Every structure is written in structure tokens, then in C-alpha cells.
>>> print(open('model.cif').read())   # mmCIF, N, CA and C atoms
data_target
#
loop_
_atom_site.group_PDB
_atom_site.id
_atom_site.type_symbol
_atom_site.label_atom_id
_atom_site.label_comp_id
_atom_site.auth_asym_id
_atom_site.auth_seq_id
_atom_site.Cartn_x
_atom_site.Cartn_y
_atom_site.Cartn_z
ATOM 1 N N MET A 1139 -36.124 -55.933 4.478
ATOM 2 C CA MET A 1139 -35.168 -56.551 3.574
ATOM 3 C C MET A 1139 -34.663 -55.483 2.603
ATOM 4 N N SER A 1140 -33.379 -55.244 2.577
ATOM 5 C CA SER A 1140 -32.807 -54.207 1.731
ATOM 6 C C SER A 1140 -32.650 -54.721 0.297
ATOM 7 N N PRO A 1141 -32.735 -53.819 -0.683
ATOM 8 C CA PRO A 1141 -32.586 -54.245 -2.074
ATOM 9 C C PRO A 1141 -31.168 -54.734 -2.346
ATOM 10 N N ASP A 1142 -31.054 -55.665 -3.280
ATOM 11 C CA ASP A 1142 -29.762 -56.217 -3.658
ATOM 12 C C ASP A 1142 -28.978 -55.164 -4.428
ATOM 13 N N PRO A 1143 -27.741 -54.818 -3.996
ATOM 14 C CA PRO A 1143 -26.966 -53.793 -4.708
ATOM 15 C C PRO A 1143 -26.680 -54.196 -6.148
ATOM 16 N N LYS A 1144 -26.675 -55.481 -6.465
ATOM 17 C CA LYS A 1144 -26.416 -55.926 -7.831
ATOM 18 C C LYS A 1144 -27.526 -55.485 -8.779
ATOM 19 N N ASP A 1145 -28.746 -55.251 -8.250
ATOM 20 C CA ASP A 1145 -29.860 -54.818 -9.085
ATOM 21 C C ASP A 1145 -29.690 -53.387 -9.567
ATOM 22 N N SER A 1146 -28.974 -52.555 -8.819
ATOM 23 C CA SER A 1146 -28.831 -51.147 -9.176
ATOM 24 C C SER A 1146 -27.616 -50.887 -10.067
ATOM 25 N N ILE A 1147 -26.769 -51.867 -10.286
ATOM 26 C CA ILE A 1147 -25.579 -51.710 -11.118
ATOM 27 C C ILE A 1147 -25.971 -51.909 -12.578
ATOM 28 N N THR A 1148 -25.497 -51.013 -13.432
ATOM 29 C CA THR A 1148 -25.792 -51.118 -14.860
ATOM 30 C C THR A 1148 -24.501 -51.389 -15.618
ATOM 31 N N PRO A 1149 -24.458 -52.479 -16.392
ATOM 32 C CA PRO A 1149 -23.251 -52.740 -17.181
ATOM 33 C C PRO A 1149 -23.179 -51.800 -18.379
ATOM 34 N N THR A 1150 -21.959 -51.545 -18.839
ATOM 35 C CA THR A 1150 -21.776 -50.749 -20.050
ATOM 36 C C THR A 1150 -22.249 -51.590 -21.241
ATOM 37 N N PRO A 1151 -22.488 -50.966 -22.384
ATOM 38 C CA PRO A 1151 -22.886 -51.751 -23.563
ATOM 39 C C PRO A 1151 -21.872 -52.843 -23.906
ATOM 40 N N ARG A 1152 -20.580 -52.547 -23.773
ATOM 41 C CA ARG A 1152 -19.565 -53.555 -24.081
ATOM 42 C C ARG A 1152 -19.597 -54.695 -23.065
ATOM 43 N N GLU A 1153 -19.768 -54.353 -21.789
ATOM 44 C CA GLU A 1153 -19.866 -55.388 -20.760
ATOM 45 C C GLU A 1153 -21.089 -56.256 -21.005
ATOM 46 N N ARG A 1154 -22.178 -55.636 -21.448
ATOM 47 C CA ARG A 1154 -23.395 -56.395 -21.742
ATOM 48 C C ARG A 1154 -23.146 -57.376 -22.885
ATOM 49 N N GLU A 1155 -22.395 -56.936 -23.905
ATOM 50 C CA GLU A 1155 -22.035 -57.825 -25.021
ATOM 51 C C GLU A 1155 -21.230 -59.015 -24.513
ATOM 52 N N LEU A 1156 -20.238 -58.724 -23.700
ATOM 53 C CA LEU A 1156 -19.401 -59.785 -23.151
ATOM 54 C C LEU A 1156 -20.220 -60.753 -22.305
ATOM 55 N N MET A 1157 -21.093 -60.205 -21.468
ATOM 56 C CA MET A 1157 -21.920 -61.049 -20.607
ATOM 57 C C MET A 1157 -22.798 -61.979 -21.452
ATOM 58 N N MET A 1158 -23.332 -61.453 -22.558
ATOM 59 C CA MET A 1158 -24.160 -62.271 -23.434
ATOM 60 C C MET A 1158 -23.349 -63.413 -24.040
ATOM 61 N N LEU A 1159 -22.149 -63.111 -24.505
ATOM 62 C CA LEU A 1159 -21.311 -64.139 -25.125
ATOM 63 C C LEU A 1159 -20.855 -65.172 -24.098
ATOM 64 N N ILE A 1160 -20.580 -64.729 -22.877
ATOM 65 C CA ILE A 1160 -20.225 -65.669 -21.808
ATOM 66 C C ILE A 1160 -21.422 -66.560 -21.506
ATOM 67 N N ALA A 1161 -22.625 -65.959 -21.458
ATOM 68 C CA ALA A 1161 -23.845 -66.733 -21.193
ATOM 69 C C ALA A 1161 -24.098 -67.753 -22.302
ATOM 70 N N ARG A 1162 -23.638 -67.449 -23.501
ATOM 71 C CA ARG A 1162 -23.774 -68.402 -24.613
ATOM 72 C C ARG A 1162 -22.715 -69.496 -24.563
ATOM 73 N N GLY A 1163 -21.799 -69.406 -23.582
ATOM 74 C CA GLY A 1163 -20.800 -70.450 -23.389
ATOM 75 C C GLY A 1163 -19.534 -70.272 -24.197
ATOM 76 N N MET A 1164 -19.298 -69.090 -24.732
ATOM 77 C CA MET A 1164 -18.120 -68.874 -25.565
ATOM 78 C C MET A 1164 -16.853 -68.720 -24.725
ATOM 79 N N GLN A 1165 -15.741 -69.180 -25.291
ATOM 80 C CA GLN A 1165 -14.437 -69.046 -24.652
ATOM 81 C C GLN A 1165 -13.869 -67.661 -24.946
ATOM 82 N N ASN A 1166 -12.875 -67.261 -24.145
ATOM 83 C CA ASN A 1166 -12.274 -65.934 -24.309
ATOM 84 C C ASN A 1166 -11.759 -65.695 -25.725
ATOM 85 N N LYS A 1167 -11.092 -66.682 -26.328
ATOM 86 C CA LYS A 1167 -10.532 -66.466 -27.672
ATOM 87 C C LYS A 1167 -11.638 -66.275 -28.701
ATOM 88 N N ASN A 1168 -12.774 -66.961 -28.531
ATOM 89 C CA ASN A 1168 -13.889 -66.788 -29.454
ATOM 90 C C ASN A 1168 -14.589 -65.441 -29.239
ATOM 91 N N ILE A 1169 -14.676 -65.026 -27.978
ATOM 92 C CA ILE A 1169 -15.249 -63.712 -27.669
ATOM 93 C C ILE A 1169 -14.364 -62.623 -28.282
ATOM 94 N N ALA A 1170 -13.051 -62.771 -28.145
ATOM 95 C CA ALA A 1170 -12.108 -61.796 -28.705
ATOM 96 C C ALA A 1170 -12.277 -61.704 -30.222
ATOM 97 N N TYR A 1171 -12.396 -62.841 -30.874
ATOM 98 C CA TYR A 1171 -12.579 -62.859 -32.325
ATOM 99 C C TYR A 1171 -13.897 -62.199 -32.705
ATOM 100 N N GLU A 1172 -14.961 -62.544 -32.006
ATOM 101 C CA GLU A 1172 -16.304 -62.004 -32.281
ATOM 102 C C GLU A 1172 -16.351 -60.478 -32.125
ATOM 103 N N LEU A 1173 -15.706 -59.965 -31.082
ATOM 104 C CA LEU A 1173 -15.751 -58.530 -30.794
ATOM 105 C C LEU A 1173 -14.577 -57.760 -31.400
ATOM 106 N N LYS A 1174 -13.677 -58.494 -32.074
ATOM 107 C CA LYS A 1174 -12.497 -57.888 -32.706
ATOM 108 C C LYS A 1174 -11.638 -57.126 -31.699
ATOM 109 N N ILE A 1175 -11.387 -57.785 -30.564
ATOM 110 C CA ILE A 1175 -10.514 -57.250 -29.523
ATOM 111 C C ILE A 1175 -9.552 -58.361 -29.119
ATOM 112 N N SER A 1176 -8.540 -58.040 -28.327
ATOM 113 C CA SER A 1176 -7.575 -59.055 -27.904
ATOM 114 C C SER A 1176 -8.126 -59.870 -26.741
ATOM 115 N N GLU A 1177 -7.547 -61.041 -26.550
ATOM 116 C CA GLU A 1177 -7.931 -61.880 -25.404
ATOM 117 C C GLU A 1177 -7.634 -61.161 -24.091
ATOM 118 N N ASN A 1178 -6.542 -60.382 -24.054
ATOM 119 C CA ASN A 1178 -6.227 -59.627 -22.837
ATOM 120 C C ASN A 1178 -7.332 -58.612 -22.518
ATOM 121 N N THR A 1179 -7.885 -57.995 -23.547
ATOM 122 C CA THR A 1179 -8.981 -57.043 -23.332
ATOM 123 C C THR A 1179 -10.223 -57.775 -22.830
ATOM 124 N N VAL A 1180 -10.479 -58.949 -23.371
ATOM 125 C CA VAL A 1180 -11.609 -59.766 -22.896
ATOM 126 C C VAL A 1180 -11.423 -60.068 -21.412
ATOM 127 N N ARG A 1181 -10.212 -60.502 -21.040
ATOM 128 C CA ARG A 1181 -9.947 -60.809 -19.627
ATOM 129 C C ARG A 1181 -10.120 -59.578 -18.752
ATOM 130 N N ALA A 1182 -9.703 -58.416 -19.256
ATOM 131 C CA ALA A 1182 -9.857 -57.177 -18.487
ATOM 132 C C ALA A 1182 -11.335 -56.851 -18.279
ATOM 133 N N HIS A 1183 -12.138 -56.992 -19.339
ATOM 134 C CA HIS A 1183 -13.579 -56.747 -19.220
ATOM 135 C C HIS A 1183 -14.217 -57.720 -18.222
ATOM 136 N N ILE A 1184 -13.827 -58.986 -18.310
ATOM 137 C CA ILE A 1184 -14.378 -59.991 -17.391
ATOM 138 C C ILE A 1184 -14.003 -59.644 -15.954
ATOM 139 N N GLY A 1185 -12.760 -59.225 -15.743
ATOM 140 C CA GLY A 1185 -12.323 -58.810 -14.406
ATOM 141 C C GLY A 1185 -13.139 -57.630 -13.893
ATOM 142 N N ASN A 1186 -13.408 -56.658 -14.791
ATOM 143 C CA ASN A 1186 -14.213 -55.500 -14.398
ATOM 144 C C ASN A 1186 -15.636 -55.912 -14.021
ATOM 145 N N ILE A 1187 -16.212 -56.808 -14.814
ATOM 146 C CA ILE A 1187 -17.571 -57.284 -14.529
ATOM 147 C C ILE A 1187 -17.593 -58.011 -13.183
ATOM 148 N N MET A 1188 -16.602 -58.867 -12.948
ATOM 149 C CA MET A 1188 -16.557 -59.628 -11.696
ATOM 150 C C MET A 1188 -16.403 -58.701 -10.492
ATOM 151 N N ARG A 1189 -15.566 -57.672 -10.635
ATOM 152 C CA ARG A 1189 -15.396 -56.704 -9.549
ATOM 153 C C ARG A 1189 -16.674 -55.911 -9.320
ATOM 154 N N LYS A 1190 -17.266 -55.443 -10.400
ATOM 155 C CA LYS A 1190 -18.458 -54.604 -10.315
ATOM 156 C C LYS A 1190 -19.611 -55.332 -9.617
ATOM 157 N N TYR A 1191 -19.784 -56.617 -9.942
ATOM 158 C CA TYR A 1191 -20.885 -57.392 -9.374
ATOM 159 C C TYR A 1191 -20.466 -58.272 -8.194
ATOM 160 N N ARG A 1192 -19.174 -58.222 -7.864
ATOM 161 C CA ARG A 1192 -18.626 -59.060 -6.784
ATOM 162 C C ARG A 1192 -18.886 -60.549 -7.050
ATOM 163 N N LEU A 1193 -18.435 -60.994 -8.215
ATOM 164 C CA LEU A 1193 -18.625 -62.387 -8.634
ATOM 165 C C LEU A 1193 -17.292 -63.120 -8.597
ATOM 166 N N GLN A 1194 -17.371 -64.451 -8.584
ATOM 167 C CA GLN A 1194 -16.149 -65.247 -8.558
ATOM 168 C C GLN A 1194 -15.882 -66.045 -9.832
ATOM 169 N N ASN A 1195 -16.900 -66.243 -10.686
ATOM 170 C CA ASN A 1195 -16.664 -67.062 -11.875
ATOM 171 C C ASN A 1195 -17.596 -66.680 -13.018
ATOM 172 N N ARG A 1196 -17.322 -67.269 -14.181
ATOM 173 C CA ARG A 1196 -18.065 -66.971 -15.402
ATOM 174 C C ARG A 1196 -19.522 -67.413 -15.309
ATOM 175 N N THR A 1197 -19.767 -68.489 -14.600
ATOM 176 C CA THR A 1197 -21.146 -68.966 -14.453
ATOM 177 C C THR A 1197 -21.994 -67.900 -13.771
ATOM 178 N N GLN A 1198 -21.436 -67.252 -12.786
ATOM 179 C CA GLN A 1198 -22.166 -66.191 -12.095
ATOM 180 C C GLN A 1198 -22.424 -65.011 -13.033
ATOM 181 N N ILE A 1199 -21.496 -64.732 -13.940
ATOM 182 C CA ILE A 1199 -21.717 -63.678 -14.934
ATOM 183 C C ILE A 1199 -22.910 -64.046 -15.804
ATOM 184 N N ALA A 1200 -22.960 -65.302 -16.248
ATOM 185 C CA ALA A 1200 -24.076 -65.759 -17.087
ATOM 186 C C ALA A 1200 -25.401 -65.647 -16.349
ATOM 187 N N ILE A 1201 -25.397 -65.962 -15.062
ATOM 188 C CA ILE A 1201 -26.626 -65.876 -14.261
ATOM 189 C C ILE A 1201 -27.076 -64.429 -14.135
ATOM 190 N N ILE A 1202 -26.147 -63.521 -13.828
ATOM 191 C CA ILE A 1202 -26.484 -62.102 -13.713
ATOM 192 C C ILE A 1202 -27.047 -61.594 -15.039
ATOM 193 N N TYR A 1203 -26.426 -61.979 -16.153
ATOM 194 C CA TYR A 1203 -26.909 -61.556 -17.465
ATOM 195 C C TYR A 1203 -28.331 -62.067 -17.688
ATOM 196 N N ALA A 1204 -28.560 -63.331 -17.380
ATOM 197 C CA ALA A 1204 -29.896 -63.908 -17.576
ATOM 198 C C ALA A 1204 -30.930 -63.189 -16.721
ATOM 199 N N LEU A 1205 -30.589 -62.894 -15.483
ATOM 200 C CA LEU A 1205 -31.537 -62.210 -14.597
ATOM 201 C C LEU A 1205 -31.839 -60.796 -15.072
ATOM 202 N N LYS A 1206 -30.843 -60.120 -15.646
ATOM 203 C CA LYS A 1206 -31.051 -58.751 -16.107
ATOM 204 C C LYS A 1206 -31.817 -58.697 -17.421
ATOM 205 N N THR A 1207 -31.838 -59.795 -18.182
ATOM 206 C CA THR A 1207 -32.512 -59.785 -19.476
ATOM 207 C C THR A 1207 -33.868 -60.477 -19.452
ATOM 208 N N VAL A 1208 -34.269 -61.005 -18.313
ATOM 209 C CA VAL A 1208 -35.576 -61.649 -18.210
ATOM 210 C C VAL A 1208 -36.648 -60.579 -18.362
ATOM 211 N N PRO A 1209 -37.631 -60.808 -19.243
ATOM 212 C CA PRO A 1209 -38.705 -59.817 -19.377
ATOM 213 C C PRO A 1209 -39.437 -59.610 -18.058
ATOM 214 N N LEU A 1210 -39.898 -58.391 -17.838
ATOM 215 C CA LEU A 1210 -40.601 -58.074 -16.597
ATOM 216 C C LEU A 1210 -41.809 -58.976 -16.380
ATOM 217 N N SER A 1211 -42.439 -59.408 -17.457
ATOM 218 C CA SER A 1211 -43.628 -60.254 -17.321
ATOM 219 C C SER A 1211 -43.295 -61.619 -16.726
ATOM 220 N N LEU A 1212 -42.040 -62.037 -16.805
ATOM 221 C CA LEU A 1212 -41.645 -63.337 -16.263
ATOM 222 C C LEU A 1212 -41.012 -63.251 -14.887
ATOM 223 N N ARG A 1213 -40.728 -62.031 -14.413
ATOM 224 C CA ARG A 1213 -40.103 -61.872 -13.098
ATOM 225 C C ARG A 1213 -41.137 -62.021 -11.987
ATOM 226 N N PRO A 1214 -40.747 -62.720 -10.927
ATOM 227 C CA PRO A 1214 -41.683 -62.805 -9.800
ATOM 228 C C PRO A 1214 -41.784 -61.444 -9.121
ATOM 229 N N ASP A 1215 -42.988 -61.026 -8.828
ATOM 230 C CA ASP A 1215 -43.194 -59.744 -8.171
ATOM 231 C C ASP A 1215 -43.272 -60.010 -6.668
ATOM 232 N N ARG A 1216 -42.114 -60.030 -6.033
ATOM 233 C CA ARG A 1216 -42.039 -60.408 -4.617
ATOM 234 C C ARG A 1216 -42.786 -59.430 -3.725
ATOM 235 N N ALA A 1217 -42.684 -58.157 -4.020
ATOM 236 C CA ALA A 1217 -43.336 -57.165 -3.164
ATOM 237 C C ALA A 1217 -44.849 -57.348 -3.179
ATOM 238 N N ARG A 1218 -45.424 -57.561 -4.337
ATOM 239 C CA ARG A 1218 -46.867 -57.729 -4.439
ATOM 240 C C ARG A 1218 -47.317 -59.040 -3.803
ATOM 241 N N SER A 1219 -46.552 -60.124 -4.022
ATOM 242 C CA SER A 1219 -46.956 -61.425 -3.484
ATOM 243 C C SER A 1219 -46.865 -61.457 -1.964
ATOM 244 N N VAL A 1220 -45.924 -60.714 -1.387
ATOM 245 C CA VAL A 1220 -45.794 -60.676 0.065
ATOM 246 C C VAL A 1220 -46.870 -59.782 0.666
ATOM 247 N N ALA A 1221 -47.082 -58.615 0.042
ATOM 248 C CA ALA A 1221 -48.045 -57.658 0.581
ATOM 249 C C ALA A 1221 -49.483 -58.126 0.397
ATOM 250 N N ASN A 1222 -49.795 -58.742 -0.725
ATOM 251 C CA ASN A 1222 -51.156 -59.168 -1.008
ATOM 252 C C ASN A 1222 -51.137 -60.505 -1.735
ATOM 253 N N PRO A 1223 -51.080 -61.627 -1.009
ATOM 254 C CA PRO A 1223 -50.986 -62.933 -1.658
ATOM 255 C C PRO A 1223 -52.169 -63.224 -2.572
ATOM 256 N N ALA A 1224 -53.331 -62.637 -2.313
ATOM 257 C CA ALA A 1224 -54.493 -62.895 -3.146
ATOM 258 C C ALA A 1224 -54.351 -62.259 -4.527
ATOM 259 N N ALA A 1225 -53.473 -61.264 -4.656
ATOM 260 C CA ALA A 1225 -53.296 -60.572 -5.935
ATOM 261 C C ALA A 1225 -52.517 -61.408 -6.942
ATOM 262 N N VAL A 1226 -51.821 -62.414 -6.485
ATOM 263 C CA VAL A 1226 -51.023 -63.253 -7.371
ATOM 264 C C VAL A 1226 -51.912 -64.373 -7.893
ATOM 265 N N LYS A 1227 -52.039 -64.437 -9.219
ATOM 266 C CA LYS A 1227 -52.877 -65.466 -9.829
ATOM 267 C C LYS A 1227 -52.063 -66.747 -9.981
ATOM 268 N N PRO A 1228 -52.658 -67.909 -9.717
ATOM 269 C CA PRO A 1228 -51.931 -69.154 -9.937
ATOM 270 C C PRO A 1228 -51.757 -69.392 -11.437
ATOM 271 N N ALA A 1229 -50.723 -70.110 -11.768
ATOM 272 C CA ALA A 1229 -50.468 -70.425 -13.171
ATOM 273 C C ALA A 1229 -51.573 -71.347 -13.675
ATOM 274 N N PRO A 1230 -52.040 -71.141 -14.918
ATOM 275 C CA PRO A 1230 -53.096 -72.015 -15.435
ATOM 276 C C PRO A 1230 -52.566 -73.426 -15.630
ATOM 277 N N ALA A 1231 -53.436 -74.383 -15.371
ATOM 278 C CA ALA A 1231 -53.043 -75.791 -15.533
ATOM 279 C C ALA A 1231 -52.928 -76.096 -17.017
ATOM 280 N N LEU A 1232 -51.957 -76.909 -17.357
ATOM 281 C CA LEU A 1232 -51.781 -77.300 -18.748
ATOM 282 C C LEU A 1232 -52.844 -78.327 -19.106
ATOM 283 N N ALA A 1233 -53.429 -78.166 -20.256
ATOM 284 C CA ALA A 1233 -54.441 -79.122 -20.695
ATOM 285 C C ALA A 1233 -53.754 -80.417 -21.070
ATOM 286 N N GLN A 1234 -54.356 -81.515 -20.663
ATOM 287 C CA GLN A 1234 -53.788 -82.807 -21.011
ATOM 288 C C GLN A 1234 -54.279 -83.208 -22.388
ATOM 289 N N ALA A 1235 -53.420 -83.857 -23.136
ATOM 290 C CA ALA A 1235 -53.794 -84.333 -24.459
ATOM 291 C C ALA A 1235 -54.780 -85.489 -24.300
ATOM 292 N N PRO A 1236 -55.784 -85.541 -25.172
ATOM 293 C CA PRO A 1236 -56.747 -86.642 -25.044
ATOM 294 C C PRO A 1236 -56.057 -87.976 -25.289
ATOM 295 N N ARG A 1237 -56.522 -88.988 -24.588
ATOM 296 C CA ARG A 1237 -55.921 -90.313 -24.754
ATOM 297 C C ARG A 1237 -56.454 -90.948 -26.024
ATOM 298 N N VAL A 1238 -55.545 -91.502 -26.774
ATOM 299 C CA VAL A 1238 -55.909 -92.172 -28.022
ATOM 300 C C VAL A 1238 -55.876 -93.661 -27.755
ATOM 301 N N PRO A 1239 -56.999 -94.372 -28.001
ATOM 302 C CA PRO A 1239 -56.998 -95.814 -27.755
ATOM 303 C C PRO A 1239 -56.033 -96.499 -28.724
ATOM 304 N N THR A 1240 -55.356 -97.503 -28.218
ATOM 305 C CA THR A 1240 -54.407 -98.248 -29.035
ATOM 306 C C THR A 1240 -54.959 -99.652 -29.287
ATOM 307 N N ALA A 1241 -54.512 -100.245 -30.345
ATOM 308 C CA ALA A 1241 -54.958 -101.596 -30.685
ATOM 309 C C ALA A 1241 -54.348 -102.583 -29.704
ATOM 310 N N PRO A 1242 -55.095 -103.610 -29.302
ATOM 311 C CA PRO A 1242 -54.525 -104.616 -28.381
ATOM 312 C C PRO A 1242 -53.404 -105.381 -29.062
ATOM 313 N N ASP A 1243 -52.472 -105.843 -28.261
ATOM 314 C CA ASP A 1243 -51.324 -106.589 -28.787
ATOM 315 C C ASP A 1243 -51.696 -107.969 -29.254
#
>>> encode(input="model.cif", output="C-alpha cells")
Amino acid sequence: MSPDPKDSITPTPRERELMMLIARGMQNKNIAYELKISENTVRAHIGNIMRKYRLQNRTQIAIIYALKTVPLSLRPDRARSVANPAAVKPAPALAQAPRVPTAPD
């Protein structure tokens, strides 16, 4: 299985800013105001991001941003889990809250 080319692409600092604001659900005019640039510049940056990552919409930009900002501790380690399934620890079970007796009706 070959690595995903999207993993090796690095956004510029400005593209990263835009991706964050898109992930927060902001519209182009609000992004332009926030970054003190024109809406046309915002659209140009979005077009560059979409071309660079081969995306079709803003939702995909938000997903790429989220995947790139997830801490390493939360990322699934696919190589280790495939090569050695015993090395992957199961998630600890959540403790249940003790039941509190209620008064009869």
C-alpha cells in the first residue's frame, strides 16, 4: 500500500490559517476581514489549497486540516497494528457511575 500523497504536502502558513478558519465554518467575507485581505485573495488561496490537495469542496479542506492537526498520540498507528496486532493496547473501559437508589413513587 503506497503512502497517500496528501500526507507529504505541506501547506504554507497562510494556507494553514485559511484552512483553520474554513474548519471553524467561517465564510469567505469573514475570513477576508479576519486576515485583512480581499475576498478575491481568499478565493485564490482556497483554489490553491484545493488544487494542491486535489479537493472539491470546503468540507474536504476542513477534514484535511483536522487530520493534519490531530496530535500524534491520537492518530491510529496503522503500520504497528498491522505488523504486530498484540502491540496495540485496547482502550480502557469507562467506569460506570454507581447507581443511586431513588425513592419509590
>>> closest_residue(input="model.cif", among="A:Lys1167, A:Ile1201, A:Pro1209, A:Glu1153", to="Asn1186 (chain A)", atoms="all atoms listed in the file")
A:Glu1153
>>> atom_distance(input="model.cif", atom1="atom C of Leu1156 (chain A)", atom2="atom C of Val1208 (chain A)")
16.9 Å
>>> closest_residue(input="model.cif", among="A:Ala1204, A:Ser1211, A:Met1157, A:Glu1172", to="Ile1184 (chain A)", atoms="all atoms listed in the file")
A:Met1157
>>> atom_distance(input="model.cif", atom1="CA of Glu1155 (chain A)", atom2="atom C of Thr1207 (chain A)")
13.3 Å
>>> atom_distance(input="model.cif", atom1="CA of Leu1193 (chain A)", atom2="CA of Ile1160 (chain A)")
13.7 Å
>>> select_by_dssp(input="model.cif", residues="region 1141-1176 of chain A", states="alpha helix (DSSP H)", output="list in words")
Pro1143, Lys1144, Asp1145, Ser1146, Pro1151, Arg1152, Glu1153, Arg1154, Glu1155, Leu1156, Met1157, Met1158, Leu1159, Ile1160, Ala1161, Asn1166, Lys1167, Asn1168, Ile1169, Ala1170, Tyr1171, Glu1172 and Leu1173 of chain A
>>> closest_residue(input="model.cif", among="A:Ala1200, A:Ala1182, A:Met1188, A:Ile1175", to="Ala1161 (chain A)", atoms="all atoms listed in the file")
A:Ala1200
>>> residues_around(input="model.cif", residues="Glu1177 (chain A)", least_positions_apart="5", cutoff="8 Å", atoms="only C-alpha atoms", output="number ranges by chain")
A: 1166-1167, 1169-1170
>>> resolve_selection(input="model.cif", expression="the PyMOL selection byres (((chain A and resi 1145-1150 and name CA) around 12) and name CA)", output="list in words")
Ser1140, Pro1141, Asp1142, Pro1143, Lys1144, Pro1151, Arg1152, Glu1153, Arg1154, Glu1155, Leu1156, Met1157, Met1158, His1183, Ile1184, Asn1186, Ile1187, Met1188, Arg1189, Lys1190, Tyr1191, Arg1192, Ile1199, Ile1202, Tyr1203, Leu1205, Lys1206 and Thr1207 of chain A
